[in-house]
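Undergrad: Take a look at run.tsv, TSV, C-alpha atoms and all ligand atoms:
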chain	number	residue	atom	x	y	z
Y	59	MET	CA	93.19	85.26	113.37
Y	60	ASN	CA	94.66	88.18	111.49
Y	61	PRO	CA	97.82	87.38	109.62
Y	62	ILE	CA	101.25	88.28	110.78
Y	63	LEU	CA	103.10	90.24	108.13
Y	64	PHE	CA	106.79	89.49	107.80
Y	65	ILE	CA	108.78	91.96	105.74
Y	66	VAL	CA	112.02	90.56	104.37
Y	67	GLY	CA	114.71	92.12	102.23
Y	68	ALA	CA	118.27	93.37	102.30
Y	69	ARG	CA	119.55	96.29	104.35
Y	70	GLY	CA	118.18	99.47	102.84
Y	71	ALA	CA	115.18	97.85	101.14
Y	72	GLY	CA	112.79	99.92	103.24
Y	73	LYS	CA	111.58	97.29	105.69
Y	74	THR	CA	111.54	99.70	108.63
Y	75	THR	CA	110.22	102.70	106.71
Y	76	VAL	CA	107.42	100.78	105.03
Y	77	GLY	CA	106.75	98.47	107.96
Y	78	LYS	CA	106.14	101.28	110.44
Y	79	ARG	CA	103.74	103.12	108.16
Y	80	LEU	CA	101.96	99.96	107.16
Y	81	ALA	CA	101.47	98.92	110.79
Y	82	ASN	CA	100.11	102.35	111.56
Y	83	GLU	CA	97.60	102.20	108.69
Y	84	LEU	CA	96.45	98.70	109.60
Y	85	SER	CA	96.40	99.43	113.34
Y	86	TYR	CA	98.90	96.62	113.79
Y	87	THR	CA	101.92	96.72	116.10
Y	88	PHE	CA	105.26	97.29	114.40
Y	89	ILE	CA	108.18	95.15	115.54
Y	90	ASP	CA	111.73	95.11	114.21
Y	91	THR	CA	113.65	91.90	114.99
Y	92	ASP	CA	117.01	93.70	115.17
Y	93	HIS	CA	115.53	96.23	117.57
Y	94	HIS	CA	114.03	93.45	119.68
Y	95	ILE	CA	117.38	91.63	119.88
Y	96	GLN	CA	119.08	94.85	120.98
Y	97	GLN	CA	116.46	95.43	123.65
Y	98	ILE	CA	116.52	91.95	125.17
Y	99	SER	CA	120.32	91.67	125.10
Y	100	ASN	CA	120.89	95.33	125.99
Y	101	MET	CA	123.63	95.45	123.34
Y	102	THR	CA	123.86	96.82	119.82
Y	103	ILE	CA	123.84	94.34	116.93
Y	104	ALA	CA	127.39	95.45	116.12
Y	105	ASP	CA	128.55	94.65	119.65
Y	106	ILE	CA	126.83	91.25	119.65
Y	107	VAL	CA	128.50	90.36	116.34
Y	108	ASN	CA	131.89	91.71	117.37
Y	109	GLN	CA	131.90	90.08	120.78
Y	110	GLN	CA	129.98	86.85	120.16
Y	111	GLY	CA	130.15	86.30	116.40
Y	112	TRP	CA	127.60	85.98	113.61
Y	113	GLN	CA	126.60	82.45	114.61
Y	114	GLN	CA	125.49	83.57	118.06
Y	115	PHE	CA	123.68	86.53	116.52
Y	116	ARG	CA	121.84	84.21	114.12
Y	117	GLN	CA	120.73	82.05	117.06
Y	118	LEU	CA	119.43	85.09	118.92
Y	119	GLU	CA	117.67	86.15	115.74
Y	120	THR	CA	115.80	82.86	115.40
Y	121	LYS	CA	114.63	83.13	119.02
Y	122	ALA	CA	113.66	86.76	118.55
Y	123	LEU	CA	111.67	85.97	115.42
Y	124	GLN	CA	109.57	83.41	117.25
Y	125	GLN	CA	109.15	85.61	120.33
Y	126	VAL	CA	107.80	88.56	118.39
Y	127	SER	CA	105.51	86.60	116.09
Y	128	GLN	CA	102.02	87.40	117.28
Y	129	SER	CA	98.92	88.27	115.30
Y	130	ASN	CA	98.22	91.86	114.31
Y	131	ARG	CA	101.88	92.60	113.90
Y	132	VAL	CA	104.04	93.85	111.08
Y	133	ILE	CA	107.46	92.34	111.64
Y	134	SER	CA	110.42	93.93	109.95
Y	135	THR	CA	113.19	91.32	109.85
Y	136	GLY	CA	116.96	91.53	109.72
Y	137	GLY	CA	118.42	91.23	106.21
Y	138	GLY	CA	119.93	87.81	106.90
Y	139	ILE	CA	116.94	86.23	108.57
Y	140	ILE	CA	116.22	84.16	105.45
Y	141	LEU	CA	119.64	82.43	105.68
Y	142	SER	CA	118.12	80.00	108.16
Y	143	ALA	CA	115.82	77.33	106.73
Y	144	GLU	CA	114.11	77.23	110.12
Y	145	ASN	CA	113.32	80.96	109.92
Y	146	ARG	CA	112.06	80.69	106.34
Y	147	GLN	CA	109.76	77.84	107.22
Y	148	TYR	CA	108.59	79.57	110.39
Y	149	MET	CA	107.62	82.76	108.59
Y	150	ARG	CA	105.86	80.93	105.78
Y	151	GLN	CA	103.87	78.84	108.23
Y	152	ASN	CA	102.95	81.64	110.58
Y	153	GLY	CA	102.22	84.62	108.39
Y	154	THR	CA	102.41	86.34	105.05
Y	155	VAL	CA	105.94	87.05	103.84
Y	156	ILE	CA	106.54	90.18	101.78
Y	157	TYR	CA	109.89	90.56	100.01
Y	158	LEU	CA	110.89	94.15	99.29
Y	159	GLN	CA	113.09	93.58	96.27
Y	160	ALA	CA	115.72	96.12	95.20
Y	161	SER	CA	118.89	96.06	93.10
Y	162	ALA	CA	122.35	96.30	94.66
Y	163	ASP	CA	122.78	99.81	93.21
Y	164	ILE	CA	119.64	101.12	94.86
Y	165	LEU	CA	120.42	99.48	98.18
Y	166	ALA	CA	123.96	100.83	98.19
Y	167	GLU	CA	122.77	104.31	97.27
Y	168	ARG	CA	120.31	104.32	100.15
Y	169	LEU	CA	122.79	102.94	102.67
Y	170	MET	CA	125.44	105.47	101.69
Y	171	GLN	CA	122.98	108.27	102.37
Y	172	GLN	CA	122.24	106.86	105.78
Y	173	PRO	CA	124.69	107.55	108.61
Y	174	GLU	CA	123.16	104.62	110.45
Y	175	SER	CA	124.79	102.27	107.92
Y	176	THR	CA	128.14	102.94	109.51
Y	177	GLN	CA	126.84	101.42	112.74
Y	178	ARG	CA	126.03	98.14	111.05
Y	179	PRO	CA	128.86	95.66	110.80
Y	180	SER	CA	130.21	95.11	107.28
Y	181	LEU	CA	129.47	91.61	106.07
Y	182	THR	CA	132.51	91.33	103.82
Y	183	GLY	CA	134.83	94.32	104.33
Y	184	LYS	CA	134.26	95.52	100.73
Y	185	SER	CA	132.66	98.67	99.29
Y	186	ILE	CA	128.95	99.01	99.87
Y	187	VAL	CA	127.99	98.36	96.22
Y	188	GLU	CA	130.23	95.32	96.00
Y	189	GLU	CA	128.93	94.12	99.32
Y	190	MET	CA	125.31	94.47	98.29
Y	191	GLU	CA	125.99	92.64	95.00
Y	192	GLU	CA	127.56	89.76	96.87
Y	193	VAL	CA	124.83	89.71	99.45
Y	194	LEU	CA	122.09	89.64	96.82
Y	195	THR	CA	123.86	86.96	94.79
Y	196	ALA	CA	123.97	84.80	97.87
Y	197	ARG	CA	120.48	85.63	99.16
Y	198	GLU	CA	118.18	86.54	96.30
Y	199	ASN	CA	116.97	82.97	95.79
Y	200	LEU	CA	116.30	82.60	99.50
Y	201	TYR	CA	114.30	85.84	99.65
Y	202	CYS	CA	112.24	84.68	96.68
Y	203	GLU	CA	111.81	81.18	98.03
Y	204	CYS	CA	110.56	82.52	101.35
Y	205	ALA	CA	108.28	85.22	99.95
Y	206	ASP	CA	104.56	84.88	99.45
Y	207	HIS	CA	104.68	88.16	97.53
Y	208	ILE	CA	107.51	90.14	95.96
Y	209	ILE	CA	107.17	93.92	95.77
Y	210	ASN	CA	109.49	96.32	93.96
Y	211	ALA	CA	111.18	98.28	96.75
Y	212	GLN	CA	111.80	101.20	94.37
Y	213	LEU	CA	108.14	102.09	94.38
Y	214	SER	CA	107.19	104.88	96.75
Y	215	PRO	CA	106.33	103.78	100.28
Y	216	GLU	CA	102.69	104.74	99.54
Y	217	ARG	CA	102.56	102.43	96.51
Y	218	ILE	CA	104.22	99.60	98.42
Y	219	ILE	CA	101.74	99.97	101.26
Y	220	ALA	CA	98.83	99.97	98.79
Y	221	CYS	CA	100.18	96.73	97.24
Y	222	VAL	CA	100.43	95.04	100.62
Y	223	LYS	CA	96.94	96.13	101.60
Y	224	GLU	CA	95.56	94.73	98.38
Y	225	ILE	CA	97.25	91.44	99.17
Y	226	ILE	CA	96.11	91.08	102.76
Y	227	LEU	CA	92.80	92.90	103.15
Y	228	PRO	CA	90.63	90.25	101.44
Y	229	ARG	CA	92.09	87.68	103.81
Y	230	ARG	CA	91.23	89.82	106.82
Y	231	ILE	CA	87.60	90.06	105.77
Y	232	SER	CA	87.06	86.38	104.92
K	301	LIG	P1	115.69	98.65	106.01
K	301	LIG	O1	114.88	98.71	107.28
K	301	LIG	O2	115.16	97.62	105.04
K	301	LIG	O3	117.16	98.50	106.23
K	301	LIG	P2	115.04	101.44	105.85
K	301	LIG	O4	113.57	101.47	106.05
K	301	LIG	O5	115.90	101.78	107.01
K	301	LIG	O6	115.51	100.03	105.26
K	301	LIG	O7	115.34	102.40	104.62
K	301	LIG	C1	116.67	102.65	104.18
K	301	LIG	C2	116.72	104.03	103.56
K	301	LIG	O8	115.97	104.04	102.34
K	301	LIG	C3	116.14	105.14	104.43
K	301	LIG	O9	116.92	106.29	104.26
K	301	LIG	C4	114.76	105.34	103.86
K	301	LIG	O10	114.32	106.66	104.03
K	301	LIG	C5	114.94	105.02	102.40
K	301	LIG	N1	113.74	104.39	101.81
K	301	LIG	C6	113.02	103.39	102.34
K	301	LIG	N2	112.01	103.02	101.53
K	301	LIG	C7	112.09	103.82	100.45
K	301	LIG	C8	111.32	103.94	99.24
K	301	LIG	N3	110.27	103.13	98.98
K	301	LIG	N4	111.69	104.86	98.33
K	301	LIG	C9	112.76	105.65	98.58
K	301	LIG	N5	113.53	105.61	99.68
K	301	LIG	C10	113.21	104.70	100.63
K	302	MG	MG	115.42	98.36	109.22
With the file now loaded, output its structure as structure tokens.
TA:
Amino acid sequence: MNPILFIVGARGAGKTTVGKRLANELSYTFIDTDHHIQQISNMTIADIVNQQGWQQFRQLETKALQQVSQSNRVISTGGGIILSAENRQYMRQNGTVIYLQASADILAERLMQQPESTQRPSLTGKSIVEEMEEVLTARENLYCECADHIINAQLSPERIIACVKEIILPRRIS
């Protein structure tokens, strides 16, 4: 069975950008867990969080992760997916986990350039740089613990894709 590729990392790390292109190059299907949650609940993530709270969202996320996990897929995960030990274990057992690692400065810079960021609920109510610093302080160890491979998210998408291919292609052949 071909591996499932899970891409983890904070908001702005490039999970969607890289994941889509990677899936295309590998002839895999691209799935985004946030997108899947929005489709099955017919609500935006912001509305789910505002109306039902983060805890409910996290429960939906765990279900979504397991629903979308099928072979020949590149799965771009929500930034907080690694907060759950169940999710971390699930991804490690069912696929190859790639962490796109970036500093708070880079993440904030990217999110500020992206109008879409305003649609995502703030985690802390602080500035984006402060928020990303806090988020990384809380999550960096979990990303690293969950990852099979850590890739510098500041590399170009082409370089990142080449790194991932190098990691997984030998496994596909054997
Ligand atoms: P995520 O899905 O992890 O939240 P996105 O793929 O939406 O991140 O990317 C966030 C922003 O950063 C987008 O504007 C995207 O164009 C840009 N971006 C993504 N990957 C890279 C990269 N490797 N180098 C430079 N910019 C990138
Ligand atoms: Mg994304």
Undergrad: Could you report the residues within 8 Å of ligand MG 302 (chain K), using all atoms listed in the file, as a list in words?
TA: Arg69, Gly70, Gly72, Lys73, Thr74, Thr75, Asp90, Asp92, Ser134, Thr135 and Gly136 of chain Y
Undergrad: May I ask for the distance between atom C9 of ligand LIG 301 (chain K) and CA of Gly153 in chain Y, given in Å to one decimal place?
TA: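 It comes out at 25.5 Å.
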Undergrad: Could you give me, as number ranges by chain, every polymer residue with an atom at most 10 Å away from an atom of ligand LIG 301 (chain K), counting all atoms listed in the file?
TA: Y: 65-78, 90, 92, 134-137, 158-160, 164-175, 210-219
Undergrad: For Ser85 in chain Y, which residue among Y:Ala205, Y:Val132, Y:Ile106, Y:Ala220 is the nearest when counting only C-alpha atoms?
TA: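 Once distances to Ser85 in chain Y are computed over only C-alpha atoms, the minimum belongs to Y:Val132.
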Undergrad: What separation in Å, quoted to one decimal, exists between CA of Gln113 in chain Y and CA of Ile209 in chain Y?
TA: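 Taking CA of Gln113 in chain Y and CA of Ile209 in chain Y, their separation equals 29.4 Å.
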Undergrad: Hey, what's within 9 Å of His93 in chain Y if we count all atoms listed in the file and toss same-chain stuff fewer than 5 positions away? As a PyMOL selection string, please?
TA: chain Y and resi 98+102-103
Undergrad: Taking all atoms listed in the file into account, which of Y:Gln109, Y:Thr91, Y:Gln147, Y:Gln96 comes nearest Leu123 in chain Y?
TA: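 Nearest to Leu123 in chain Y: Y:Thr91.
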Undergrad: How far is it from CA of Trp112 in chain Y to CA of Ile208 in chain Y, in Å with one decimal?
TA: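 If I compute the distance from CA of Trp112 in chain Y to CA of Ile208 in chain Y, I get 27.1 Å.
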Undergrad: With only C-alpha atoms counted, which protein, DNA or RNA residues have an atom no more than 12 Å from (118.5, 78.0, 108.8) in the file frame? Please answer as a PyMOL selection string.
TA: chain Y and resi 113+116-117+119-120+138-149+200+204
Undergrad: Which residue gives the smallest distance to Gln124 in chain Y among Y:Ile95, Y:Leu84, Y:Ile225, Y:Ile186, with all atoms listed in the file counted?
TA: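 For Gln124 in chain Y, the nearest of the given residues is Y:Ile95.
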Undergrad: I need the residue nearest Ile89 in chain Y from this list: Y:Arg131, Y:His207, Y:Arg197, Y:Lys184. Use only C-alpha atoms for the distance.
TA: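 When distances to Ile89 in chain Y are compared using only C-alpha atoms, the smallest one comes from Y:Arg131.
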Undergrad: Would you save range 75-89 of chain Y to a file, keeping all heavy atoms, as a PDB file, in the first residue's frame?
TA:
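Full text of part-v2.pdb as output:
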ATOM      1  N   THR Y  75      -0.417  24.918   0.032  1.00  0.00           N
ATOM      2  CA  THR Y  75       0.336  25.238  -1.189  1.00  0.00           C
ATOM      3  C   THR Y  75       1.189  24.049  -1.627  1.00  0.00           C
ATOM      4  O   THR Y  75       1.129  23.603  -2.777  1.00  0.00           O
ATOM      5  CB  THR Y  75       1.278  26.443  -0.912  1.00  0.00           C
ATOM      6  OG1 THR Y  75       0.495  27.511  -0.391  1.00  0.00           O
ATOM      7  CG2 THR Y  75       2.018  26.871  -2.160  1.00  0.00           C
ATOM      8  N   VAL Y  76       1.970  23.547  -0.691  1.00  0.00           N
ATOM      9  CA  VAL Y  76       2.880  22.439  -1.004  1.00  0.00           C
ATOM     10  C   VAL Y  76       2.101  21.146  -1.207  1.00  0.00           C
ATOM     11  O   VAL Y  76       2.371  20.390  -2.147  1.00  0.00           O
ATOM     12  CB  VAL Y  76       3.926  22.274   0.139  1.00  0.00           C
ATOM     13  CG1 VAL Y  76       4.701  20.983  -0.020  1.00  0.00           C
ATOM     14  CG2 VAL Y  76       4.855  23.476   0.183  1.00  0.00           C
ATOM     15  N   GLY Y  77       1.117  20.922  -0.357  1.00  0.00           N
ATOM     16  CA  GLY Y  77       0.351  19.684  -0.410  1.00  0.00           C
ATOM     17  C   GLY Y  77      -0.346  19.481  -1.745  1.00  0.00           C
ATOM     18  O   GLY Y  77      -0.312  18.383  -2.313  1.00  0.00           O
ATOM     19  N   LYS Y  78      -0.956  20.542  -2.263  1.00  0.00           N
ATOM     20  CA  LYS Y  78      -1.675  20.436  -3.538  1.00  0.00           C
ATOM     21  C   LYS Y  78      -0.728  20.083  -4.671  1.00  0.00           C
ATOM     22  O   LYS Y  78      -1.004  19.211  -5.498  1.00  0.00           O
ATOM     23  CB  LYS Y  78      -2.351  21.773  -3.872  1.00  0.00           C
ATOM     24  CG  LYS Y  78      -3.709  21.902  -3.268  1.00  0.00           C
ATOM     25  CD  LYS Y  78      -4.404  23.165  -3.757  1.00  0.00           C
ATOM     26  CE  LYS Y  78      -5.768  23.268  -3.086  1.00  0.00           C
ATOM     27  NZ  LYS Y  78      -6.350  24.587  -3.167  1.00  0.00           N
ATOM     28  N   ARG Y  79       0.409  20.779  -4.696  1.00  0.00           N
ATOM     29  CA  ARG Y  79       1.362  20.540  -5.793  1.00  0.00           C
ATOM     30  C   ARG Y  79       1.998  19.166  -5.686  1.00  0.00           C
ATOM     31  O   ARG Y  79       2.235  18.484  -6.689  1.00  0.00           O
ATOM     32  CB  ARG Y  79       2.411  21.650  -5.800  1.00  0.00           C
ATOM     33  CG  ARG Y  79       1.800  22.968  -6.248  1.00  0.00           C
ATOM     34  CD  ARG Y  79       2.728  24.119  -6.072  1.00  0.00           C
ATOM     35  NE  ARG Y  79       3.975  23.977  -6.825  1.00  0.00           N
ATOM     36  CZ  ARG Y  79       4.843  24.951  -6.996  1.00  0.00           C
ATOM     37  NH1 ARG Y  79       4.609  26.148  -6.470  1.00  0.00           N
ATOM     38  NH2 ARG Y  79       5.938  24.758  -7.676  1.00  0.00           N
ATOM     39  N   LEU Y  80       2.280  18.785  -4.465  1.00  0.00           N
ATOM     40  CA  LEU Y  80       2.878  17.475  -4.228  1.00  0.00           C
ATOM     41  C   LEU Y  80       1.920  16.369  -4.668  1.00  0.00           C
ATOM     42  O   LEU Y  80       2.324  15.417  -5.362  1.00  0.00           O
ATOM     43  CB  LEU Y  80       3.184  17.354  -2.736  1.00  0.00           C
ATOM     44  CG  LEU Y  80       3.870  16.101  -2.248  1.00  0.00           C
ATOM     45  CD1 LEU Y  80       5.256  15.968  -2.872  1.00  0.00           C
ATOM     46  CD2 LEU Y  80       3.979  16.140  -0.724  1.00  0.00           C
ATOM     47  N   ALA Y  81       0.662  16.504  -4.287  1.00  0.00           N
ATOM     48  CA  ALA Y  81      -0.341  15.496  -4.660  1.00  0.00           C
ATOM     49  C   ALA Y  81      -0.422  15.401  -6.177  1.00  0.00           C
ATOM     50  O   ALA Y  81      -0.454  14.304  -6.747  1.00  0.00           O
ATOM     51  CB  ALA Y  81      -1.696  15.870  -4.074  1.00  0.00           C
ATOM     52  N   ASN Y  82      -0.411  16.536  -6.815  1.00  0.00           N
ATOM     53  CA  ASN Y  82      -0.486  16.574  -8.270  1.00  0.00           C
ATOM     54  C   ASN Y  82       0.691  15.818  -8.892  1.00  0.00           C
ATOM     55  O   ASN Y  82       0.527  14.990  -9.782  1.00  0.00           O
ATOM     56  CB  ASN Y  82      -0.508  18.039  -8.700  1.00  0.00           C
ATOM     57  CG  ASN Y  82      -0.883  18.200 -10.142  1.00  0.00           C
ATOM     58  OD1 ASN Y  82      -1.737  17.470 -10.629  1.00  0.00           O
ATOM     59  ND2 ASN Y  82      -0.240  19.129 -10.826  1.00  0.00           N
ATOM     60  N   GLU Y  83       1.891  16.092  -8.380  1.00  0.00           N
ATOM     61  CA  GLU Y  83       3.094  15.455  -8.941  1.00  0.00           C
ATOM     62  C   GLU Y  83       3.139  13.953  -8.685  1.00  0.00           C
ATOM     63  O   GLU Y  83       3.701  13.197  -9.468  1.00  0.00           O
ATOM     64  CB  GLU Y  83       4.356  16.124  -8.390  1.00  0.00           C
ATOM     65  CG  GLU Y  83       4.521  17.531  -8.931  1.00  0.00           C
ATOM     66  CD  GLU Y  83       5.909  18.096  -8.690  1.00  0.00           C
ATOM     67  OE1 GLU Y  83       6.875  17.322  -8.575  1.00  0.00           O
ATOM     68  OE2 GLU Y  83       6.006  19.337  -8.617  1.00  0.00           O
ATOM     69  N   LEU Y  84       2.571  13.534  -7.572  1.00  0.00           N
ATOM     70  CA  LEU Y  84       2.598  12.105  -7.226  1.00  0.00           C
ATOM     71  C   LEU Y  84       1.380  11.363  -7.763  1.00  0.00           C
ATOM     72  O   LEU Y  84       1.269  10.152  -7.598  1.00  0.00           O
ATOM     73  CB  LEU Y  84       2.626  11.932  -5.697  1.00  0.00           C
ATOM     74  CG  LEU Y  84       3.858  12.421  -4.943  1.00  0.00           C
ATOM     75  CD1 LEU Y  84       3.595  12.409  -3.446  1.00  0.00           C
ATOM     76  CD2 LEU Y  84       5.077  11.574  -5.286  1.00  0.00           C
ATOM     77  N   SER Y  85       0.460  12.102  -8.366  1.00  0.00           N
ATOM     78  CA  SER Y  85      -0.855  11.562  -8.757  1.00  0.00           C
ATOM     79  C   SER Y  85      -1.595  10.994  -7.551  1.00  0.00           C
ATOM     80  O   SER Y  85      -2.219   9.936  -7.615  1.00  0.00           O
ATOM     81  CB  SER Y  85      -0.730  10.494  -9.855  1.00  0.00           C
ATOM     82  OG  SER Y  85      -0.181  11.060 -11.006  1.00  0.00           O
ATOM     83  N   TYR Y  86      -1.479  11.692  -6.438  1.00  0.00           N
ATOM     84  CA  TYR Y  86      -2.247  11.376  -5.240  1.00  0.00           C
ATOM     85  C   TYR Y  86      -3.431  12.344  -5.186  1.00  0.00           C
ATOM     86  O   TYR Y  86      -3.454  13.344  -5.901  1.00  0.00           O
ATOM     87  CB  TYR Y  86      -1.400  11.618  -3.974  1.00  0.00           C
ATOM     88  CG  TYR Y  86      -0.419  10.532  -3.592  1.00  0.00           C
ATOM     89  CD1 TYR Y  86       0.016   9.578  -4.503  1.00  0.00           C
ATOM     90  CD2 TYR Y  86       0.089  10.473  -2.297  1.00  0.00           C
ATOM     91  CE1 TYR Y  86       0.935   8.597  -4.125  1.00  0.00           C
ATOM     92  CE2 TYR Y  86       1.001   9.504  -1.918  1.00  0.00           C
ATOM     93  CZ  TYR Y  86       1.418   8.568  -2.838  1.00  0.00           C
ATOM     94  OH  TYR Y  86       2.314   7.613  -2.458  1.00  0.00           O
ATOM     95  N   THR Y  87      -4.377  12.042  -4.316  1.00  0.00           N
ATOM     96  CA  THR Y  87      -5.491  12.969  -4.082  1.00  0.00           C
ATOM     97  C   THR Y  87      -5.107  13.908  -2.944  1.00  0.00           C
ATOM     98  O   THR Y  87      -4.552  13.465  -1.937  1.00  0.00           O
ATOM     99  CB  THR Y  87      -6.763  12.178  -3.695  1.00  0.00           C
ATOM    100  OG1 THR Y  87      -7.051  11.274  -4.758  1.00  0.00           O
ATOM    101  CG2 THR Y  87      -7.947  13.106  -3.481  1.00  0.00           C
ATOM    102  N   PHE Y  88      -5.390  15.183  -3.112  1.00  0.00           N
ATOM    103  CA  PHE Y  88      -5.122  16.155  -2.054  1.00  0.00           C
ATOM    104  C   PHE Y  88      -6.368  16.349  -1.206  1.00  0.00           C
ATOM    105  O   PHE Y  88      -7.461  16.555  -1.726  1.00  0.00           O
ATOM    106  CB  PHE Y  88      -4.720  17.509  -2.651  1.00  0.00           C
ATOM    107  CG  PHE Y  88      -4.592  18.580  -1.604  1.00  0.00           C
ATOM    108  CD1 PHE Y  88      -3.470  18.648  -0.801  1.00  0.00           C
ATOM    109  CD2 PHE Y  88      -5.616  19.499  -1.391  1.00  0.00           C
ATOM    110  CE1 PHE Y  88      -3.359  19.612   0.198  1.00  0.00           C
ATOM    111  CE2 PHE Y  88      -5.511  20.467  -0.404  1.00  0.00           C
ATOM    112  CZ  PHE Y  88      -4.377  20.523   0.385  1.00  0.00           C
ATOM    113  N   ILE Y  89      -6.182  16.278   0.108  1.00  0.00           N
ATOM    114  CA  ILE Y  89      -7.299  16.520   1.034  1.00  0.00           C
ATOM    115  C   ILE Y  89      -6.819  17.470   2.131  1.00  0.00           C
ATOM    116  O   ILE Y  89      -5.713  17.325   2.639  1.00  0.00           O
ATOM    117  CB  ILE Y  89      -7.751  15.208   1.745  1.00  0.00           C
ATOM    118  CG1 ILE Y  89      -8.125  14.116   0.744  1.00  0.00           C
ATOM    119  CG2 ILE Y  89      -8.903  15.493   2.711  1.00  0.00           C
ATOM    120  CD1 ILE Y  89      -9.523  14.191   0.212  1.00  0.00           C
TER     121      ILE Y  89
END
